[in-house]
file protein30.cif (mmCIF, C-alpha atoms)
data_my_file
loop_
_atom_site.label_atom_id
_atom_site.label_comp_id
_atom_site.auth_asym_id
_atom_site.auth_seq_id
_atom_site.Cartn_x
_atom_site.Cartn_y
_atom_site.Cartn_z
CA MET O 624 64.95 125.65 289.71
CA ASN O 625 68.25 123.79 289.49
CA GLU O 626 66.72 121.48 286.91
CA HIS O 627 65.80 124.47 284.73
CA ARG O 628 69.33 125.87 285.02
CA GLU O 629 70.80 122.51 284.10
CA ILE O 630 68.53 122.31 281.07
CA ILE O 631 69.52 125.75 279.84
CA ALA O 632 73.19 124.97 280.39
CA GLN O 633 72.79 121.85 278.26
CA LEU O 634 71.76 124.00 275.31
CA ALA O 635 75.36 124.99 274.69
CA ASP O 636 76.38 121.39 274.30
CA ARG O 637 73.27 120.69 272.26
CA ALA O 638 74.05 123.56 269.90
CA ALA O 639 77.59 122.26 269.44
CA ASP O 640 76.37 118.68 268.89
CA ARG O 641 78.16 117.61 272.03
CA LEU O 642 75.12 116.29 273.85
CA SER O 643 74.48 112.55 273.94
CA PRO O 644 71.30 111.40 272.13
CA GLU O 645 69.72 110.43 275.45
CA ALA O 646 70.43 113.82 277.02
CA ALA O 647 69.21 115.56 273.85
CA ALA O 648 65.94 113.63 274.05
CA ARG O 649 65.49 114.60 277.72
CA LEU O 650 66.19 118.22 276.85
CA LYS O 651 63.65 118.19 274.02
CA CYS O 652 61.02 116.62 276.25
CA HIS O 653 61.59 119.21 278.99
CA LEU O 654 61.36 122.13 276.57
CA GLU O 655 58.11 120.84 275.10
CA ASN O 656 56.52 120.83 278.54
CA CYS O 657 58.05 123.94 280.10
CA PRO O 658 57.09 127.29 278.54
CA GLN O 659 59.46 129.15 280.87
CA CYS O 660 62.50 127.15 279.74
CA ARG O 661 61.30 127.25 276.12
CA GLU O 662 61.33 131.05 276.13
CA GLN O 663 64.71 131.14 277.84
CA ALA O 664 66.02 128.58 275.36
CA ARG O 665 64.85 130.75 272.47
CA ARG O 666 66.79 133.72 273.82
CA PHE O 667 69.77 131.53 274.58
CA MET O 668 69.91 130.12 271.06
CA GLN O 669 69.48 133.57 269.51
CA SER O 670 72.48 134.89 271.45
CA TYR O 671 74.42 131.71 270.86
CA GLN O 672 73.96 131.89 267.11
CA THR O 673 74.73 135.62 266.97
CA LEU O 674 78.01 135.12 268.81
CA GLU O 675 78.93 132.05 266.83
CA LYS O 676 78.25 133.73 263.49
CA VAL O 677 80.09 136.94 264.31
CA LEU O 678 83.14 135.28 265.78
CA GLU O 679 83.64 132.61 263.15
CA ASP O 680 84.25 135.38 260.61
CA MET O 681 87.14 136.82 262.64
CA THR O 682 90.33 135.20 261.50
CA SER O 683 93.86 136.03 262.49
CA PRO O 684 96.68 136.71 260.08
CA SER O 685 99.46 134.15 260.26
CA LEU O 686 101.34 134.66 263.53
CA PHE O 687 104.05 132.02 263.46
CA ALA O 688 106.79 134.17 261.88
CA GLY O 689 106.22 136.90 264.48
CA VAL O 690 106.21 134.43 267.37
CA LYS O 691 109.39 132.77 266.10
CA ALA O 692 111.12 136.12 265.67
CA ARG O 693 110.20 137.17 269.20
CA LEU O 694 111.48 133.91 270.65
CA GLU O 695 114.74 134.18 268.74
CA HIS O 696 115.27 137.87 269.48
CA PRO O 697 113.43 138.62 272.71
CA GLU O 698 112.95 142.32 273.36
CA PRO O 699 114.40 143.29 276.73
CA ARG O 700 111.79 143.65 279.43
CA ARG O 701 108.98 143.34 276.89
CA ALA O 702 105.49 143.41 278.37
CA PHE O 703 102.24 142.79 276.60
CA VAL O 704 100.63 145.86 275.16
CA GLY O 705 98.64 146.84 278.22
CA LEU O 706 101.78 147.58 280.22
CA ARG O 707 103.66 149.73 277.72
CA PRO O 708 102.21 153.15 278.61
CA ALA O 709 102.95 152.54 282.29
CA TRP O 710 106.58 151.62 281.54
CA ALA O 711 106.95 154.72 279.39
CA GLY O 712 105.64 156.87 282.24
CA ILE O 713 108.01 155.32 284.78
CA THR O 714 110.98 155.79 282.47
CA VAL O 715 110.20 159.47 281.89
CA LEU O 716 109.64 160.04 285.61
CA SER O 717 112.92 158.35 286.52
CA VAL O 718 114.85 160.48 284.01
CA VAL O 719 113.34 163.65 285.45
CA LEU O 720 114.09 162.63 289.05
CA VAL O 721 117.69 161.62 288.33
CA PHE O 722 118.37 164.83 286.42
CA SER O 723 116.77 166.98 289.12
CA ALA O 724 118.87 165.33 291.81
CA LEU O 725 122.12 165.51 289.90
CA MET O 726 121.71 169.04 288.57
CA SER O 727 121.20 170.32 292.10
CA ARG O 728 124.82 169.35 292.90
CA PRO O 729 127.09 172.39 292.64
CA GLY O 730 129.80 172.48 289.95
CA ILE O 731 128.48 169.58 287.90
CA THR O 732 128.35 169.73 284.07
CA THR O 733 125.67 168.37 281.76
CA GLU O 734 128.18 165.82 280.39
CA GLN O 735 128.78 164.48 283.91
CA VAL O 736 125.05 164.22 284.55
CA LEU O 737 124.55 162.24 281.36
CA GLN O 738 127.50 159.99 282.15
CA ASP O 739 126.21 159.32 285.69
CA TYR O 740 122.72 158.56 284.44
CA SER O 741 124.02 156.27 281.74
CA GLU O 742 126.03 154.30 284.30
CA ASP O 743 123.07 154.09 286.67
CA VAL O 744 120.82 152.68 283.99
CA GLN O 745 123.52 150.27 282.83
CA THR O 746 123.96 148.97 286.38
CA LEU O 747 120.25 148.63 286.94
CA TRP O 748 119.39 146.70 283.78
CA GLU O 749 122.48 144.59 283.37
CA GLY O 750 124.07 144.14 286.74
CA GLY O 751 121.17 144.93 289.03
CA THR O 752 119.28 142.34 291.00
CA ALA O 753 115.62 141.52 290.57
CA ASP O 754 114.94 143.36 293.82
CA ALA O 755 116.62 146.48 292.47
CA GLU O 756 114.46 146.28 289.35
CA ASN O 757 111.29 145.84 291.33
CA ALA O 758 112.19 148.80 293.50
CA TRP O 759 111.25 150.92 290.49
CA LEU O 760 107.76 149.50 290.41
CA PRO O 761 104.66 150.57 292.29
CA SER O 762 104.04 148.08 295.09
CA GLU O 763 100.96 146.53 293.46
CA TRP O 764 103.04 145.57 290.42
CA SER O 765 105.09 143.25 292.54
CA GLU O 766 102.05 141.31 293.68
CA THR O 767 101.40 137.86 292.34
CA THR O 768 99.29 137.87 289.24
CA GLY O 769 97.07 134.89 289.86
CA LEU O 770 98.85 132.90 287.18
CA GLU O 771 98.87 129.13 287.15
CA SER O 772 101.86 128.86 289.45
CA SER O 773 101.72 130.00 293.02
CA GLY O 774 105.20 131.46 292.49
CA SER O 775 104.03 133.74 289.70
CA THR O 776 105.22 137.31 289.85
CA LEU O 777 105.51 140.18 287.44
CA GLU O 778 108.61 138.48 286.09
CA ASN O 779 106.45 135.65 284.81
CA ILE O 780 104.12 137.95 282.92
CA ILE O 781 106.77 139.88 281.09
CA MET J 730 88.90 122.37 267.77
CA GLY J 731 89.91 118.83 266.89
CA THR J 732 91.10 115.95 269.01
CA ARG J 733 94.25 115.78 271.05
CA ASN J 734 97.54 115.36 269.20
CA GLU J 735 99.79 113.83 271.86
CA GLU J 736 102.82 113.53 269.62
CA VAL J 737 102.75 117.26 268.83
CA GLU J 738 102.16 118.09 272.49
CA ARG J 739 105.22 116.08 273.53
CA ARG J 740 107.31 117.79 270.85
CA PHE J 741 106.02 121.20 271.93
CA TYR J 742 107.11 120.39 275.47
CA ALA J 743 110.54 119.40 274.13
CA GLY J 744 110.85 122.75 272.34
CA ASP J 745 110.32 121.57 268.76
CA GLN J 746 109.72 124.45 266.31
CA ASP J 747 107.44 122.46 264.00
CA ALA J 748 105.26 121.60 266.96
CA LEU J 749 105.19 125.26 267.90
CA ARG J 750 104.10 126.11 264.36
CA TRP J 751 101.26 123.57 264.62
CA VAL J 752 100.15 125.02 267.94
CA VAL J 753 100.24 128.60 266.63
CA GLU J 754 98.32 127.75 263.47
CA THR J 755 95.74 125.74 265.40
CA TYR J 756 94.98 128.31 268.10
CA GLN J 757 95.86 131.70 266.58
CA ASN J 758 92.25 132.55 265.66
CA ALA J 759 91.07 131.88 269.20
CA PHE J 760 93.69 134.09 270.85
CA TYR J 761 93.36 136.75 268.18
CA ARG J 762 89.61 137.01 268.92
CA MET J 763 90.31 137.15 272.61
CA GLY J 764 92.84 139.93 272.06
CA TRP J 765 90.42 141.79 269.83
CA ARG J 766 87.87 141.82 272.62
CA PHE J 767 90.43 143.21 275.07
CA PHE J 768 91.98 145.84 272.84
CA GLY J 769 89.39 146.55 270.11
CA ARG J 770 92.05 146.75 267.39
CA GLY J 771 93.45 144.13 265.06
CA ALA J 772 97.11 145.05 265.54
CA ASP J 773 96.89 144.84 269.34
CA ALA J 774 94.88 141.63 269.12
CA GLN J 775 97.66 140.16 267.01
CA ASP J 776 100.22 141.31 269.55
CA PHE J 777 98.24 139.76 272.41
CA ALA J 778 97.92 136.44 270.59
CA GLN J 779 101.67 136.40 269.95
CA ASP J 780 102.25 137.14 273.64
CA VAL J 781 100.22 134.07 274.59
CA PHE J 782 102.33 131.80 272.37
CA VAL J 783 105.65 133.34 273.41
CA HIS J 784 104.67 133.21 277.09
CA ALA J 785 103.52 129.57 276.80
CA PHE J 786 106.56 128.41 274.84
CA GLU J 787 109.03 130.11 277.15
CA ARG J 788 107.35 128.50 280.17
CA ARG J 789 106.55 125.14 278.63
CA GLU J 790 108.39 123.30 281.44
CA ARG J 791 105.34 124.13 283.58
CA TYR J 792 103.12 122.19 281.21
CA ASP J 793 102.52 118.54 282.08
CA PRO J 794 102.75 116.63 278.76
CA ALA J 795 100.71 113.82 280.26
CA ARG J 796 97.71 116.14 280.12
CA PRO J 797 96.10 117.91 277.11
CA LEU J 798 97.88 121.04 275.96
CA LYS J 799 94.76 122.96 274.96
CA PRO J 800 93.34 123.75 278.42
CA TRP J 801 96.83 124.71 279.63
CA LEU J 802 97.26 127.15 276.73
CA PHE J 803 93.88 128.69 277.46
CA THR J 804 94.77 129.00 281.13
CA VAL J 805 97.84 131.00 280.10
CA ALA J 806 95.69 133.16 277.80
CA ALA J 807 92.99 133.62 280.44
CA ASN J 808 95.56 134.74 283.01
CA LEU J 809 97.10 137.24 280.61
CA GLY J 810 93.58 138.42 279.79
CA ARG J 811 92.61 138.75 283.46
CA GLU J 812 95.77 140.70 284.07
CA HIS J 813 94.82 143.02 281.26
CA LEU J 814 91.24 143.45 282.51
CA ARG J 815 92.50 144.19 286.00
CA ARG J 816 94.74 146.94 284.71
CA ASN J 817 92.16 148.41 282.35
CA LYS J 818 88.94 148.34 284.36
CA HIS J 819 87.83 151.73 283.18
CA ARG J 820 88.94 151.49 279.59
CA GLU J 821 86.32 152.63 277.09
CA ILE J 822 86.48 151.25 273.58
CA SER J 823 84.60 152.82 270.74
CA ALA J 824 82.20 150.53 268.92
CA GLY J 825 83.55 152.10 265.74
CA ASP J 826 87.15 150.93 266.24
CA ASP J 827 88.65 149.23 263.24
CA LEU J 828 85.84 150.29 260.93
CA PRO J 829 86.87 151.33 257.44
CA GLU J 830 86.98 155.04 256.64
CA THR J 831 83.97 156.60 254.95
CA GLY J 832 83.63 156.51 251.19
CA VAL J 833 83.24 152.74 250.89
CA ALA J 834 82.14 151.45 247.51
CA PRO J 835 78.60 149.97 247.35
CA GLU J 836 79.91 146.45 246.67
CA ALA J 837 81.76 146.59 249.99
CA GLU J 838 78.60 147.44 251.91
CA THR J 839 77.83 143.85 252.88
CA GLN J 840 81.33 143.41 254.25
CA MET J 841 81.02 146.70 256.09
CA GLU J 842 77.70 145.68 257.60
CA GLY J 843 79.36 142.49 258.78
CA GLU J 844 82.18 144.44 260.37
CA GLU J 845 79.74 146.83 262.02
CA ARG J 846 77.83 143.92 263.44
CA ARG J 847 81.06 142.34 264.66
CA ASN J 848 82.12 145.57 266.32
CA ARG J 849 78.76 145.98 268.01
CA VAL J 850 78.79 142.42 269.30
CA MET J 851 82.37 142.69 270.56
CA HIS J 852 81.53 145.99 272.22
CA LEU J 853 78.59 144.38 274.02
CA LEU J 854 80.79 141.51 275.15
CA GLN J 855 83.26 144.02 276.56
CA GLN J 856 80.49 145.55 278.66
CA LEU J 857 79.63 142.28 280.41
CA HIS J 858 81.03 141.45 283.81
CA PRO J 859 84.49 139.85 283.43
CA ARG J 860 83.28 136.58 284.97
CA TYR J 861 80.70 136.21 282.18
CA GLN J 862 83.04 137.60 279.54
CA GLU J 863 85.69 134.98 280.07
CA VAL J 864 83.26 132.06 280.02
CA LEU J 865 81.58 133.32 276.84
CA ALA J 866 85.01 133.94 275.34
CA MET J 867 86.21 130.42 276.06
CA ARG J 868 83.04 128.97 274.60
CA PHE J 869 82.62 131.16 271.51
CA GLU J 870 85.97 132.72 270.72
CA SER J 871 87.91 129.59 271.46
CA GLY J 872 85.41 126.82 270.83
CA LEU J 873 86.11 125.04 274.11
CA SER J 874 83.54 122.65 275.54
CA LEU J 875 82.07 123.41 278.93
CA ALA J 876 84.37 120.85 280.58
CA GLU J 877 87.43 122.32 278.85
CA THR J 878 86.34 125.81 279.86
CA ALA J 879 86.02 124.68 283.47
CA GLN J 880 89.49 123.15 283.31
CA ALA J 881 91.06 126.23 281.67
CA LEU J 882 89.47 128.66 284.14
CA ARG J 883 89.92 126.31 287.08
CA LEU J 884 86.26 126.56 288.00
CA PRO J 885 83.71 123.87 288.87
CA LEU J 886 81.68 122.73 285.87
CA GLY J 887 78.45 123.87 287.52
CA THR J 888 79.82 127.40 287.90
CA VAL J 889 80.78 127.50 284.23
CA LYS J 890 77.32 126.35 283.20
CA SER J 891 75.63 128.92 285.36
CA ARG J 892 77.93 131.74 284.16
CA LEU J 893 77.40 130.75 280.54
CA SER J 894 73.65 130.81 280.98
CA ARG J 895 73.64 134.15 282.81
CA GLY J 896 76.20 135.62 280.44
CA LEU J 897 74.11 134.74 277.41
CA GLU J 898 71.03 136.15 279.11
CA ALA J 899 72.87 139.41 279.84
CA PHE J 900 74.20 139.53 276.29
CA HIS J 901 70.74 138.91 274.88
CA SER J 902 69.20 141.75 276.90
CA ALA J 903 71.95 144.18 275.91
CA TYR J 904 71.73 143.13 272.26
CA GLN J 905 67.94 143.58 272.21
CA ARG J 906 68.25 147.01 273.83
CA GLN J 907 70.78 148.05 271.24
CA GLU J 908 68.65 146.75 268.37
CA ARG J 909 65.62 148.65 269.67
CA SER J 910 67.55 151.88 270.13
CA GLY J 911 69.02 151.47 266.63
CA ALA J 912 65.55 150.99 265.16
CA HIS J 913 64.30 154.19 266.81
CA GLU J 914 67.16 156.34 265.49
#

call {"tool": "encode", "arguments": {"input": "protein30.cif", "output": "structure tokens"}}
result
Amino acid sequence: MNEHREIIAQLADRAADRLSPEAAARLKCHLENCPQCREQARRFMQSYQTLEKVLEDMTSPSLFAGVKARLEHPEPRRAFVGLRPAWAGITVLSVVLVFSALMSRPGITTEQVLQDYSEDVQTLWEGGTADAENAWLPSEWSETTGLESSGSTLENII
Amino acid sequence: MGTRNEEVERRFYAGDQDALRWVVETYQNAFYRMGWRFFGRGADAQDFAQDVFVHAFERRERYDPARPLKPWLFTVAANLGREHLRRNKHREISAGDDLPETGVAPEAETQMEGEERRNRVMHLLQQLHPRYQEVLAMRFESGLSLAETAQALRLPLGTVKSRLSRGLEAFHSAYQRQERSGAHE
């Protein structure tokens, strides 16, 4: 069974011309004598060619200018696209909570509320510690991400 | 994907902008395709690919210039991709995303058929289990060999071979099912 799996796995290298002539000959010989692997190889090659054909037509626009611009002018706390809606939600929620808390204080004006909030945000983003920033996050966001370094945290992703 | 360019890799590690340009131009298609599979839209795919390069360049001190740059870059991309998949387990993407509006001229039909086919294939890839998705992506979107894929994903070579085989089998079954249901419509 393992031999059959190994043979099928070799098809990828064979299709990409990365198989040595000796291994290619062994593969050919096995397929000629094994109807089960031959049928599996046919399906494998069909899928392989479909994927190869479809994907080779997908080309990216030039990205260098955008990458350079982002390195020269990094956006504060920028996350890749998947995180943006979550950040937006947290920001809105924090505004609502701060306003609710402050407006419940007697004798306070709207201008004072705005001033207080502005100072809070300023402190958090500029003077605050990493711990203070992470206190805004759900606990699972502070977990390690499985990145290449064992010390990887959310900070490394953003 | 070409052979290793050690001089460029050393300059990339040192923060050289021309080396960065070379790296971006060499690998942008691979990361764009990967992003397209995650997000289903060209603009987001472009954004994802840029994220990979920015992330890698900003953390290039973690790269060991004595080793090839390519697998390290794909490790960075795979980790960003895994992070995305983890956060978007239940995301549904329409197979029609990115298709042109109706009213396409007849001469554009061939191109449209190609795009439809691409969308269907990418949609099927998105439906596969992530462990198969990432191996197929490394092999087909990025053109990595099996050994490079194993290195990038930090998996034993045997595991990569077995996932590639099973992933293609799963893709084939799904593709055949879709073709049959399309023929009956």

call {"tool": "axis_aligned_box", "arguments": {"input": "protein30.cif", "around": "region 786-789 of chain J", "padding_each_side": "8 Å", "output": "AutoDock Vina command-line options"}}
result
--center_x 107.8 --center_y 127.6 --center_z 277.5 --size_x 18.5 --size_y 21.0 --size_z 21.3

call {"tool": "interface_residues", "arguments": {"input": "protein30.cif", "of": "chain J", "to": "chain O", "cutoff": "6 Å", "atoms": "all atoms listed in the file", "output": "list in words"}}
result
Arg750, Asn758, Tyr761, Gln779, Asn808, Arg847, Lys890, Ser894 and His901 of chain J

call {"tool": "write_last_selection", "arguments": {"input": "protein30.cif", "atoms": "C-alpha atoms", "output": "compact mmCIF listing (two decimals), in the coordinates of the input"}}
result
# COMPACT_ATOMS: atom_id res chain seq x y z
CA ARG J 750 104.10 126.11 264.36
CA ASN J 758 92.25 132.55 265.66
CA TYR J 761 93.36 136.75 268.18
CA GLN J 779 101.67 136.40 269.95
CA ASN J 808 95.56 134.74 283.01
CA ARG J 847 81.06 142.34 264.66
CA LYS J 890 77.32 126.35 283.20
CA SER J 894 73.65 130.81 280.98
CA HIS J 901 70.74 138.91 274.88

call {"tool": "atom_distance", "arguments": {"input": "protein30.cif", "atom1": "CA of Phe741 (chain J)", "atom2": "CA of Thr878 (chain J)"}}
result
21.7 Å

call {"tool": "atom_distance", "arguments": {"input": "protein30.cif", "atom1": "CA of Gly810 (chain J)", "atom2": "CA of Phe767 (chain J)"}}
result
7.4 Å

call {"tool": "atom_distance", "arguments": {"input": "protein30.cif", "atom1": "CA of Glu870 (chain J)", "atom2": "CA of Glu738 (chain J)"}}
result
21.9 Å

call {"tool": "residues_around", "arguments": {"input": "protein30.cif", "residues": "Tyr756 (chain J)", "least_positions_apart": "2", "cutoff": "10 Å", "atoms": "all atoms listed in the file", "output": "PyMOL selection string"}}
result
(chain O and resi 683) or (chain J and resi 730+751-754+758-761+778+782+799+802-803+871)
